[in-house]
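Student: One structure, pasted below without further comment.
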Protein chains: 2
Amino acid sequence: MSDPIKYVLDESRIPKAWYNIAADLPTPPPPVLHPGTLQPIGPGDLAPLFPMSLILQEVSTEREIEIPTPVRDIYRQWRPSPLCRARRLEKALDTPAKIYYKYEGVSPAGSHKPNSSIAQAFYNKEEGVKRLVTETGAGQWGSSLALAGSFFGLEVDIYMVRVSYNQKPYRRALMETYGARCVASPSTETASGRAILEKRPDHPGSLGIAISEAVEIAAQRDDTKYALGSVLNHVLLHQTVIGQEAIAQLDMAGDYPDVVLGCAGGGSNFAGIAFPFLGAGLRGGPKPRIVAVEPSACPSITRGKYAYDFGDTAHLTPLMKMHTLGSTFTPPGFHAGGLRYHGMSQLVSHCARLGLIEGLAVPQIACFEAGVQFARSEGIVPAPESNHAVCAAIREALRCKEEGKAETILFSLSGHGHFDMQAYTDYFAGKLADLEYDEAELAMALSGLPSVNA
Amino acid sequence: MSDPIKYVLDESRIPKAWYNIAADLPTPPPPVLHPGTLQPIGPGDLAPLFPMSLILQEVSTEREIEIPTPVRDIYRQWRPSPLCRARRLEKALDTPAKIYYKYEGVSPAGSHKPNSSIAQAFYNKEEGVKRLVTETGAGQWGSSLALAGSFFGLEVDIYMVRVSYNQKPYRRALMETYGARCVASPSTETASGRAILEKRPDHPGSLGIAISEAVEIAAQRDDTKYALGSVLNHVLLHQTVIGQEAIAQLDMAGDYPDVVLGCAGGGSNFAGIAFPFLGAGLRGGPKPRIVAVEPSACPSITRGKYAYDFGDTAHLTPLMKMHTLGSTFTPPGFHAGGLRYHGMSQLVSHCARLGLIEGLAVPQIACFEAGVQFARSEGIVPAPESNHAVCAAIREALRCKEEGKAETILFSLSGHGHFDMQAYTDYFAGKLADLEYDEAELAMALSGLPSVNA
């Protein structure tokens with residue numbers, strides 16, 4: 001039999017611990033600031049929003065944080081996720097490069113997001129929480145939290161960015177099938193939502209606005225907490241099962257990447273694949289190039305400012321120092337809704353600042369071209385978010401061809417596109433554009449950054 | 001660590017051969033008849049429609065037929081598919097039964113269908129065919145043949161039952177993403193389609209009509225062959241990888257089923273899970289109950305006549321003796337489009353006739369209730385077709401609870417429902433009904449069975 005296509009590990013090989021990059025960074029990221037006092041916050045400040053176990057993970061500098069058995073028990077249904085060699089794509093590109101993808105679309109919700117939603121639901125349940133409130137863009141996070149809520153018997157309310165809510169009725173149907181309630185954001189259910197609708201009743205929404213709504217609701221009720229699908233340290237932490245498994249699987253293949261690629265919106269999928277490789281390099285191991293791929297219509301790493309900013313539009317969240325386009329920036333309505341966020345997680349931003357990772361911005365149409373080529377070679381139709389990583393992987397493979405180099409390329413295929421087929425239909429119909437953000441709006445959003453940066 | 005949730009085999013455990021039940025049946029099924037002469041056909045009669053290697057598989061009585069390496073090489077991307085223990089569902093039902101499901105939704109097209117589409121595309125390509133024509137109901141077969149066509153460089157034209165074409169635009173988008181052409185059937189592209197549209201311009205279509213259209217086109221061109229997604233012996237043969245793997249995986253679990261369940265439209269998914277268990281029983285092994293689960297709105301096994309009938313509406317196909325509702329029967333427009341077929345494969349029908357398997361008809365709403373309960377316990381949202389097996393599995397588990405029996409239940413989860421979310425939306429909105437077929441129409445269709453039955 002010829003060489004394997006996929007590298008499969010049995011359940012016993014699911015990592016026992018999440019990997020915390022904070023233990024290996026040469027310097028820690030700047031402190032998180034309280035939105036009122038602009039002073040560094042302590043764990044207690046976050047208690048209205050999160051259970052204490054997650055807050056302690058947020059500030060931990062331990063390298064390994066044990067994965068609780070009930071969380072691993074659920075991971076076992078689809079983890080370790082497969083690592084596949086894209087042999088047919090390699091052949092189609094006629095490249096000497098080896099292309100591997102780590103496929104997270106095998107989770108029941110279809111993306112990497114359950115790696116964190118399951119963990120978050122577990123810790124909330126343990127601390128007696130009854131209801132979780134969250135935001136979602138394209139719907140991958142919302143459906144993953146809905147899934148986790150149904151497993152742990154928690155109510156889940158989801159504020160979904162209105163443009164996605166309207167574009168993706170079936171993503172909403174998925175959340176409802178899992179028993180969650182889904183509301184278009186901005187909504188009339190919150191003060192922050194109503195304030196925005198007053199100014200602009202047809203506002204398309206944004207992740208920043210949806211976060212404000214969810215945080216506002218969570219802060220009001222004792223039995224209700226907030227859950228975030230990316231950006232925060234503990235969310236990135238939970239995703240590191242991806243990269244840890246990939247290292248073990250590449251080891252089976254006798255291989256190690258020269259380049260590691262992941263799409264980056266808030267940064268959780270990117271960190272999930274990248275941090276274990278980055279950490280190994282920081283501890284003296286090989287140092288692959290590590291590239292965060294973002295949409296050119298919402299390019300926080302490549303065009304944003306490294307500055308303190310709020311995570312949401314209504315300025316209810318703490319401030320983190322991050323690559324940001326400004327919390328009032330509303331990205332154009334491109335299809336990769338999971339990447340339509342003004343900021344980048346502080347950990348990823350810090351790594352970029354330290355020169356440990358690269359940023360790359362790619363336009364929408366090139367992403368769908370890449371996604372279709374991938375689908376026709378490998379069969380899997382990627383999510384629009386994941387297409388950013390596919391696009392970068394194909395570019396790297398073509399560079400290898402030009403340079404005659406047999407490099408090893410690894411990318412995270414963060415999810416399938418089964419709930420995003422309207423985007424493919426629009427692409428084939430020639431209706432997609434390489435949307436540009438408004439330069440004036442960006443300048444204004446950046447000029448409005450909080451005064452702590454002065 | 002507690003007992004496994006899923007049983008994973010590595011690529012080397014993909015079966016080396018398909019299992020042919022014909023080798024173990026006590027009597028062979030009655031001969032297939034030519035549509036013109038009503039005399040038994042020979043391999044040459046099928047040559048305009050199929051490549052000779054598939055025709056030889058159709059009539060083979062060898063127990064094992066080797067799977068060609070290029071086909072196994074593609075299977076390797078997702079096979080062996082996981083066998084999972086539905087522990088959370090067991091707990092929710094509070095049943096002493098063990099429930100296992102073999103999950104075929106991990107294929108790139110999302111169902112078991114690529115097990116045959118890949119094989120069919122391979123043999124056609126080998127014999128110089130340039131274009132494949134087929135029909136599809138819900139779209140699982142169409143997207144699977146589109147996938148296979150893209151892997152082997154074959155053009156693929158798909159006649160999709162109009163009601164599904166309209167209900168499921170994203171299934172069509174998937175076929176187009178793979179590069180296939182998709183046409184609503186009945187269409188104006190064929191004589192048989194035009195004849196039907198003349199009588200009823202708003203005809204919702206049926207698998208029988210779509211087959212007529214595809215067969216008509218294939219018969220006209222030398223470089224074009226027909227591909228069928230179910231019913232025929234060679235299609236059922238290709239699906240036996242499912243049951244063979246399940247036997248090996250249950251062996252890992254130290255288990256063997258008391259009941260094996262599969263949904264049944266044309267019979268390919270059912271045969272795929274059932275025939276390897278049935279064959280083992282016929283060769284002296286244990287004999288589980290084997291149940292084909294069909295929609296009560298299109299109940300060929302439980303309400304049809306065992307008689308010679310055409311596979312299509314325009315009577316272009318050979319006649320097979322099968323459980324049939326009559327080739328002119330148009331099933332009501334329920335959501336499990338893959339089960340809206342008037343007949344049942346001759347092999348499954350023959351097994352039912354011999355008393356080797358049972359039939360069970362279940363109504364639509366109970367299927368969706370079961371599917372939602374499964375989704376909330378196990379995370380996977382099943383296809384409407386698969387919900388029939390889920391529904392039967394839950395009923396068996398509740399029977400075990402009532403009887404205090406710790407039986408082992410195995411069912412085939414033939415595919416996910418990501419492209420069928422409108423059906424779930426309709427279910428939650430209370431818009432689904434337990435559609436009944438028209439008794440008068442059934443009587444008329446049965447009275448019109450070909451005279452060879454007289």
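Ligands are numbered from 1 in the order shown, chains are lettered A, B, ... in the order of the structure tokens, and residues start at 1 in each chain.
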Sort by chain and increasing residue number a table of all residues of chain A within 6 Å of chain B, each with its closest pair of atoms and their distance in Å to one decimal, counting only C-alpha atoms, and write it as a Markdown table.

Tutor:
```
| residue | atom | partner | partner_atom | distance |
| --- | --- | --- | --- | --- |
| A:Ile5 | CA | B:Gln77 | CA | 5.9 |
| A:Gln77 | CA | B:Ile5 | CA | 5.9 |
| A:Pro108 | CA | B:Ile380 | CA | 5.0 |
| A:Ser150 | CA | B:Arg376 | CA | 5.6 |
| A:Tyr170 | CA | B:Met421 | CA | 5.5 |
| A:Ala173 | CA | B:Thr425 | CA | 5.9 |
| A:Tyr178 | CA | B:Arg376 | CA | 5.3 |
| A:Arg376 | CA | B:Tyr178 | CA | 5.3 |
| A:Gly379 | CA | B:Pro108 | CA | 5.1 |
| A:Ile380 | CA | B:Pro108 | CA | 5.0 |
| A:Met421 | CA | B:Tyr170 | CA | 5.5 |
| A:Thr425 | CA | B:Ala173 | CA | 5.8 |
```

Student: Taking N, CA, C and O atoms for each residue, export the selection above as a PDB file, in the first residue's frame.

Tutor:
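The resulting file, result35.pdb, is reproduced below:
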```
ATOM      1  N   ILE A   5      -2.804   8.625   3.411  1.00  0.00           N
ATOM      2  CA  ILE A   5      -3.468   9.885   3.079  1.00  0.00           C
ATOM      3  C   ILE A   5      -3.753  10.628   4.374  1.00  0.00           C
ATOM      4  O   ILE A   5      -3.595  11.817   4.486  1.00  0.00           O
ATOM      5  N   GLN A  77     -15.390  11.916  20.842  1.00  0.00           N
ATOM      6  CA  GLN A  77     -16.284  11.585  19.735  1.00  0.00           C
ATOM      7  C   GLN A  77     -15.652  11.900  18.388  1.00  0.00           C
ATOM      8  O   GLN A  77     -15.946  11.237  17.392  1.00  0.00           O
ATOM      9  N   PRO A 108     -18.984  17.697  15.515  1.00  0.00           N
ATOM     10  CA  PRO A 108     -20.411  17.695  15.173  1.00  0.00           C
ATOM     11  C   PRO A 108     -20.913  19.055  14.697  1.00  0.00           C
ATOM     12  O   PRO A 108     -21.807  19.120  13.876  1.00  0.00           O
ATOM     13  N   SER A 150     -26.329  21.874  24.912  1.00  0.00           N
ATOM     14  CA  SER A 150     -27.232  20.715  24.913  1.00  0.00           C
ATOM     15  C   SER A 150     -26.577  19.525  25.608  1.00  0.00           C
ATOM     16  O   SER A 150     -27.243  18.744  26.270  1.00  0.00           O
ATOM     17  N   TYR A 170     -29.774  28.584   7.706  1.00  0.00           N
ATOM     18  CA  TYR A 170     -29.599  27.184   8.099  1.00  0.00           C
ATOM     19  C   TYR A 170     -28.613  27.043   9.239  1.00  0.00           C
ATOM     20  O   TYR A 170     -28.630  26.074   9.994  1.00  0.00           O
ATOM     21  N   ALA A 173     -30.833  27.491  11.988  1.00  0.00           N
ATOM     22  CA  ALA A 173     -31.605  26.250  12.184  1.00  0.00           C
ATOM     23  C   ALA A 173     -30.771  25.228  12.960  1.00  0.00           C
ATOM     24  O   ALA A 173     -31.299  24.494  13.797  1.00  0.00           O
ATOM     25  N   TYR A 178     -30.079  22.318  18.156  1.00  0.00           N
ATOM     26  CA  TYR A 178     -29.402  22.006  19.413  1.00  0.00           C
ATOM     27  C   TYR A 178     -30.121  22.606  20.626  1.00  0.00           C
ATOM     28  O   TYR A 178     -29.657  22.475  21.751  1.00  0.00           O
ATOM     29  N   ARG A 376     -12.377  20.529  -5.393  1.00  0.00           N
ATOM     30  CA  ARG A 376     -12.326  19.637  -6.558  1.00  0.00           C
ATOM     31  C   ARG A 376     -11.172  18.642  -6.456  1.00  0.00           C
ATOM     32  O   ARG A 376     -11.218  17.578  -7.076  1.00  0.00           O
ATOM     33  N   GLY A 379     -12.131  17.140  -2.148  1.00  0.00           N
ATOM     34  CA  GLY A 379     -13.499  16.749  -1.841  1.00  0.00           C
ATOM     35  C   GLY A 379     -14.161  17.584  -0.760  1.00  0.00           C
ATOM     36  O   GLY A 379     -15.368  17.746  -0.760  1.00  0.00           O
ATOM     37  N   ILE A 380     -13.385  18.109   0.150  1.00  0.00           N
ATOM     38  CA  ILE A 380     -13.948  18.895   1.252  1.00  0.00           C
ATOM     39  C   ILE A 380     -14.181  20.329   0.784  1.00  0.00           C
ATOM     40  O   ILE A 380     -13.274  20.953   0.224  1.00  0.00           O
ATOM     41  N   MET A 421     -22.987  27.723   1.666  1.00  0.00           N
ATOM     42  CA  MET A 421     -23.029  27.472   0.230  1.00  0.00           C
ATOM     43  C   MET A 421     -23.540  28.668  -0.562  1.00  0.00           C
ATOM     44  O   MET A 421     -23.240  28.802  -1.742  1.00  0.00           O
ATOM     45  N   THR A 425     -22.383  29.885  -4.190  1.00  0.00           N
ATOM     46  CA  THR A 425     -23.333  30.203  -5.263  1.00  0.00           C
ATOM     47  C   THR A 425     -23.053  31.618  -5.789  1.00  0.00           C
ATOM     48  O   THR A 425     -22.994  31.836  -7.004  1.00  0.00           O
TER      49      THR A 425
END
```

Student: Could you give me the residues within range 175-242 of chain B that DSSP places in strand (DSSP E or B), as number ranges by chain?

Tutor: B: 181-185, 224-226

Student: Could you pull out the alpha helix (DSSP H) residues of range 189-416 of chain B, going by DSSP on the backbone, and write them as number ranges by chain?

Tutor: B: 191-199, 207-220, 233-239, 241-252, 268-282, 300-303, 346-353, 364-378, 384-403

Student: Suppose we keep C-alpha atoms; can you now write the selection as a compact mmCIF listing (two decimals), in the first residue's frame?

Tutor:
```
# COMPACT_ATOMS: atom_id res chain seq x y z
CA ALA B 191 -38.22 13.14 -24.66
CA SER B 192 -39.37 11.47 -21.44
CA GLY B 193 -39.12 14.73 -19.51
CA ARG B 194 -40.99 16.68 -22.18
CA ALA B 195 -43.76 14.07 -22.31
CA ILE B 196 -44.37 14.45 -18.58
CA LEU B 197 -44.22 18.25 -18.61
CA GLU B 198 -46.79 18.30 -21.42
CA LYS B 199 -49.31 16.52 -19.22
CA LEU B 207 -36.64 9.40 -8.92
CA GLY B 208 -38.36 7.19 -11.51
CA ILE B 209 -38.70 10.12 -13.92
CA ALA B 210 -35.17 11.38 -13.32
CA ILE B 211 -33.82 7.90 -14.02
CA SER B 212 -35.71 7.84 -17.34
CA GLU B 213 -34.12 11.14 -18.33
CA ALA B 214 -30.61 10.08 -17.42
CA VAL B 215 -30.93 6.68 -19.09
CA GLU B 216 -32.31 8.31 -22.25
CA ILE B 217 -29.32 10.66 -22.49
CA ALA B 218 -26.76 7.95 -21.73
CA ALA B 219 -28.18 5.61 -24.37
CA GLN B 220 -27.74 8.31 -27.04
CA ASN B 233 -26.47 -5.29 -7.33
CA HIS B 234 -23.12 -3.61 -8.01
CA VAL B 235 -24.13 -0.50 -6.08
CA LEU B 236 -25.18 -2.55 -3.06
CA LEU B 237 -21.94 -4.50 -3.42
CA HIS B 238 -19.81 -1.33 -3.15
CA GLN B 239 -21.61 -0.33 0.03
CA VAL B 241 -17.49 -1.81 3.13
CA ILE B 242 -19.82 -0.28 5.75
CA GLY B 243 -20.92 -3.54 7.33
CA GLN B 244 -17.53 -5.21 6.98
CA GLU B 245 -15.85 -2.39 8.87
CA ALA B 246 -18.63 -2.42 11.47
CA ILE B 247 -18.00 -6.11 12.16
CA ALA B 248 -14.30 -5.41 12.75
CA GLN B 249 -15.07 -2.39 14.92
CA LEU B 250 -17.66 -4.21 17.03
CA ASP B 251 -15.09 -6.94 17.43
CA MET B 252 -12.75 -4.30 18.96
CA SER B 268 -27.94 0.62 -0.94
CA ASN B 269 -27.29 2.02 2.52
CA PHE B 270 -29.37 -0.69 4.12
CA ALA B 271 -27.57 -3.44 2.22
CA GLY B 272 -24.23 -1.82 3.00
CA ILE B 273 -24.68 -2.20 6.74
CA ALA B 274 -26.83 -5.36 6.64
CA PHE B 275 -25.43 -7.76 4.05
CA PRO B 276 -22.11 -8.54 5.77
CA PHE B 277 -24.05 -9.46 8.95
CA LEU B 278 -26.67 -11.36 6.97
CA GLY B 279 -23.97 -13.26 5.07
CA ALA B 280 -22.16 -14.18 8.27
CA GLY B 281 -25.44 -15.58 9.56
CA LEU B 282 -26.06 -17.53 6.36
CA SER B 300 -42.35 -0.46 -0.82
CA ILE B 301 -41.34 -3.37 1.43
CA THR B 302 -44.25 -3.20 3.85
CA ARG B 303 -47.05 -2.19 1.44
CA GLN B 346 -34.07 -6.89 -6.13
CA LEU B 347 -31.51 -8.23 -3.65
CA VAL B 348 -33.13 -6.59 -0.64
CA SER B 349 -36.59 -7.56 -1.95
CA HIS B 350 -35.46 -11.15 -2.41
CA CYS B 351 -34.05 -11.25 1.13
CA ALA B 352 -37.35 -9.90 2.46
CA ARG B 353 -39.22 -12.54 0.46
CA GLN B 364 -42.15 11.64 8.97
CA ILE B 365 -42.75 13.55 12.21
CA ALA B 366 -41.55 10.68 14.41
CA CYS B 367 -38.38 10.60 12.31
CA PHE B 368 -37.65 14.29 12.92
CA GLU B 369 -38.44 13.94 16.63
CA ALA B 370 -35.87 11.16 16.73
CA GLY B 371 -33.37 13.17 14.70
CA VAL B 372 -33.62 16.15 17.05
CA GLN B 373 -33.22 13.92 20.10
CA PHE B 374 -30.17 12.35 18.47
CA ALA B 375 -28.70 15.76 17.60
CA ARG B 376 -29.13 17.03 21.15
CA SER B 377 -27.53 13.91 22.63
CA GLU B 378 -24.87 13.06 20.08
CA PRO B 384 -33.83 13.07 6.94
CA GLU B 385 -33.22 9.66 5.36
CA SER B 386 -30.96 8.60 8.23
CA ASN B 387 -33.60 9.76 10.73
CA HIS B 388 -35.61 6.67 9.76
CA ALA B 389 -32.85 4.47 11.17
CA VAL B 390 -32.44 6.73 14.20
CA CYS B 391 -36.18 6.50 14.88
CA ALA B 392 -36.13 2.71 14.66
CA ALA B 393 -33.02 2.52 16.89
CA ILE B 394 -34.70 4.63 19.56
CA ARG B 395 -37.82 2.45 19.39
CA GLU B 396 -35.68 -0.68 19.79
CA ALA B 397 -33.85 0.89 22.73
CA LEU B 398 -37.15 1.76 24.41
CA ARG B 399 -38.42 -1.78 23.80
CA CYS B 400 -35.25 -3.07 25.50
CA LYS B 401 -35.99 -0.77 28.44
CA GLU B 402 -39.54 -2.09 28.69
CA GLU B 403 -38.36 -5.68 28.46
```

Student: To one decimal place, how far is CA of Ser345 in chain A from CA of Gly311 in chain A in Å?

Tutor: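 We find that CA of Ser345 in chain A and CA of Gly311 in chain A lie 9.3 Å from each other.
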
Student: Take CA of Ile21 in chain B and CA of Glu62 in chain B and report the distance between them in Å, one decimal.

Tutor: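 Between these atoms lies a distance of 8.8 Å.
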
Student: Quick one, how far is CA of Leu232 in chain A from CA of Arg131 in chain A?

Tutor: 20.0 Å

Student: Please provide the set of residues having any atom within 6 Å of range 182-185 of chain A, restricted to only C-alpha atoms, with same-chain residues fewer than 2 positions apart removed, written as a tab-separated table (two decimals) with N, CA and C atoms, in the first residue's frame.

Tutor:
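Saved result, selection_14.tsv, follows:
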```tsv
chain	number	residue	atom	x	y	z
A	158	ILE	N	-27.98	33.33	21.85
A	158	ILE	CA	-26.94	33.73	20.91
A	158	ILE	C	-27.33	34.98	20.14
A	159	TYR	N	-26.49	36.01	20.21
A	159	TYR	CA	-26.67	37.22	19.41
A	159	TYR	C	-25.86	37.06	18.14
A	160	MET	N	-26.57	36.94	17.02
A	160	MET	CA	-25.91	36.66	15.75
A	160	MET	C	-25.88	37.91	14.89
A	161	VAL	N	-24.70	38.26	14.39
A	161	VAL	CA	-24.53	39.44	13.54
A	161	VAL	C	-25.60	39.42	12.43
A	162	ARG	N	-26.36	40.51	12.31
A	162	ARG	CA	-27.56	40.49	11.48
A	162	ARG	C	-27.28	40.07	10.03
A	165	TYR	N	-27.05	36.48	10.08
A	165	TYR	CA	-28.37	35.94	10.45
A	165	TYR	C	-29.25	35.84	9.21
A	187	SER	N	-30.06	44.04	18.35
A	187	SER	CA	-31.43	43.67	18.69
A	187	SER	C	-32.05	44.73	19.58
A	205	GLY	N	-24.86	44.99	11.67
A	205	GLY	CA	-24.27	44.34	12.84
A	205	GLY	C	-22.79	44.08	12.66
A	210	ALA	N	-22.38	42.61	18.71
A	210	ALA	CA	-23.00	41.41	19.28
A	210	ALA	C	-22.36	41.07	20.63
```

Student: Pick out the closest residue to Lys287 in chain A from this set: A:Ile118, A:Leu435, A:Val260, A:Ala443. Count only C-alpha atoms.

Tutor: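 For Lys287 in chain A, the nearest of the candidates is A:Val260.
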
Student: Identify which of the residues B:Ser412, B:Glu90, B:Glu58, B:Leu261 lies closest to Ile41 in chain B, counting only C-alpha atoms when measuring atom-to-atom distances.

Tutor: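 Going through B:Ser412, B:Glu90, B:Glu58, B:Leu261 one by one, the smallest distance to Ile41 in chain B is for B:Glu58.
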
Student: Could you check the closest approach to Ser327 in chain A for each of A:Ala445, A:Ala361, A:Ala406, A:Ala264 and tell me which residue wins, using only C-alpha atoms?

Tutor: A:Ala445

Student: Pick the closest to Val163 in chain B from B:His203, B:Lys102, B:His342, B:Lys405: which is it, counting only C-alpha atoms?

Tutor: B:His203

Student: Compile the contact shell of Leu319 in chain B as a ChimeraX atom specification: residues with an atom at most 9 Å away, counting only C-alpha atoms, same-chain residues fewer than 5 positions apart removed.

Tutor: /B:31-35,38,308-311,450

Student: Extract, using only C-alpha atoms, all DNA, RNA and protein residues at most 9 Å from Asp223 in chain A, discarding same-chain residues fewer than 6 positions from it, and format them as a PDB file with all heavy atoms, in the first residue's frame.

Tutor:
```pdb
ATOM      1  N   GLY A 128     -22.232  26.131  38.647  1.00  0.00           N
ATOM      2  CA  GLY A 128     -23.645  26.374  38.911  1.00  0.00           C
ATOM      3  C   GLY A 128     -24.364  27.315  37.964  1.00  0.00           C
ATOM      4  O   GLY A 128     -25.497  27.719  38.221  1.00  0.00           O
ATOM      5  N   VAL A 129     -23.706  27.680  36.879  1.00  0.00           N
ATOM      6  CA  VAL A 129     -24.346  28.575  35.907  1.00  0.00           C
ATOM      7  C   VAL A 129     -25.493  27.843  35.206  1.00  0.00           C
ATOM      8  O   VAL A 129     -25.424  26.638  34.975  1.00  0.00           O
ATOM      9  CB  VAL A 129     -23.284  29.061  34.888  1.00  0.00           C
ATOM     10  CG1 VAL A 129     -23.925  29.842  33.749  1.00  0.00           C
ATOM     11  CG2 VAL A 129     -22.226  29.900  35.606  1.00  0.00           C
ATOM     12  N   LYS A 130     -26.571  28.579  34.912  1.00  0.00           N
ATOM     13  CA  LYS A 130     -27.752  27.982  34.260  1.00  0.00           C
ATOM     14  C   LYS A 130     -27.839  28.350  32.785  1.00  0.00           C
ATOM     15  O   LYS A 130     -28.449  27.648  31.990  1.00  0.00           O
ATOM     16  CB  LYS A 130     -29.046  28.484  34.930  1.00  0.00           C
ATOM     17  CG  LYS A 130     -29.146  28.201  36.415  1.00  0.00           C
ATOM     18  CD  LYS A 130     -29.515  26.756  36.685  1.00  0.00           C
ATOM     19  CE  LYS A 130     -29.623  26.467  38.182  1.00  0.00           C
ATOM     20  NZ  LYS A 130     -28.898  25.252  38.559  1.00  0.00           N
ATOM     21  N   ARG A 131     -27.281  29.537  32.443  1.00  0.00           N
ATOM     22  CA  ARG A 131     -27.503  30.051  31.095  1.00  0.00           C
ATOM     23  C   ARG A 131     -26.234  30.716  30.575  1.00  0.00           C
ATOM     24  O   ARG A 131     -25.573  31.443  31.323  1.00  0.00           O
ATOM     25  CB  ARG A 131     -28.644  31.080  31.119  1.00  0.00           C
ATOM     26  CG  ARG A 131     -29.048  31.538  29.736  1.00  0.00           C
ATOM     27  CD  ARG A 131     -30.355  32.310  29.773  1.00  0.00           C
ATOM     28  NE  ARG A 131     -30.198  33.616  30.395  1.00  0.00           N
ATOM     29  CZ  ARG A 131     -30.758  34.740  29.914  1.00  0.00           C
ATOM     30  NH1 ARG A 131     -31.490  34.712  28.818  1.00  0.00           N
ATOM     31  NH2 ARG A 131     -30.579  35.873  30.546  1.00  0.00           N
ATOM     32  N   LEU A 132     -25.907  30.470  29.323  1.00  0.00           N
ATOM     33  CA  LEU A 132     -24.776  31.122  28.674  1.00  0.00           C
ATOM     34  C   LEU A 132     -25.292  32.055  27.586  1.00  0.00           C
ATOM     35  O   LEU A 132     -26.249  31.732  26.887  1.00  0.00           O
ATOM     36  CB  LEU A 132     -23.841  30.088  28.051  1.00  0.00           C
ATOM     37  CG  LEU A 132     -23.057  29.220  29.049  1.00  0.00           C
ATOM     38  CD1 LEU A 132     -22.256  28.151  28.311  1.00  0.00           C
ATOM     39  CD2 LEU A 132     -22.123  30.092  29.892  1.00  0.00           C
TER      40      LEU A 132
END
```
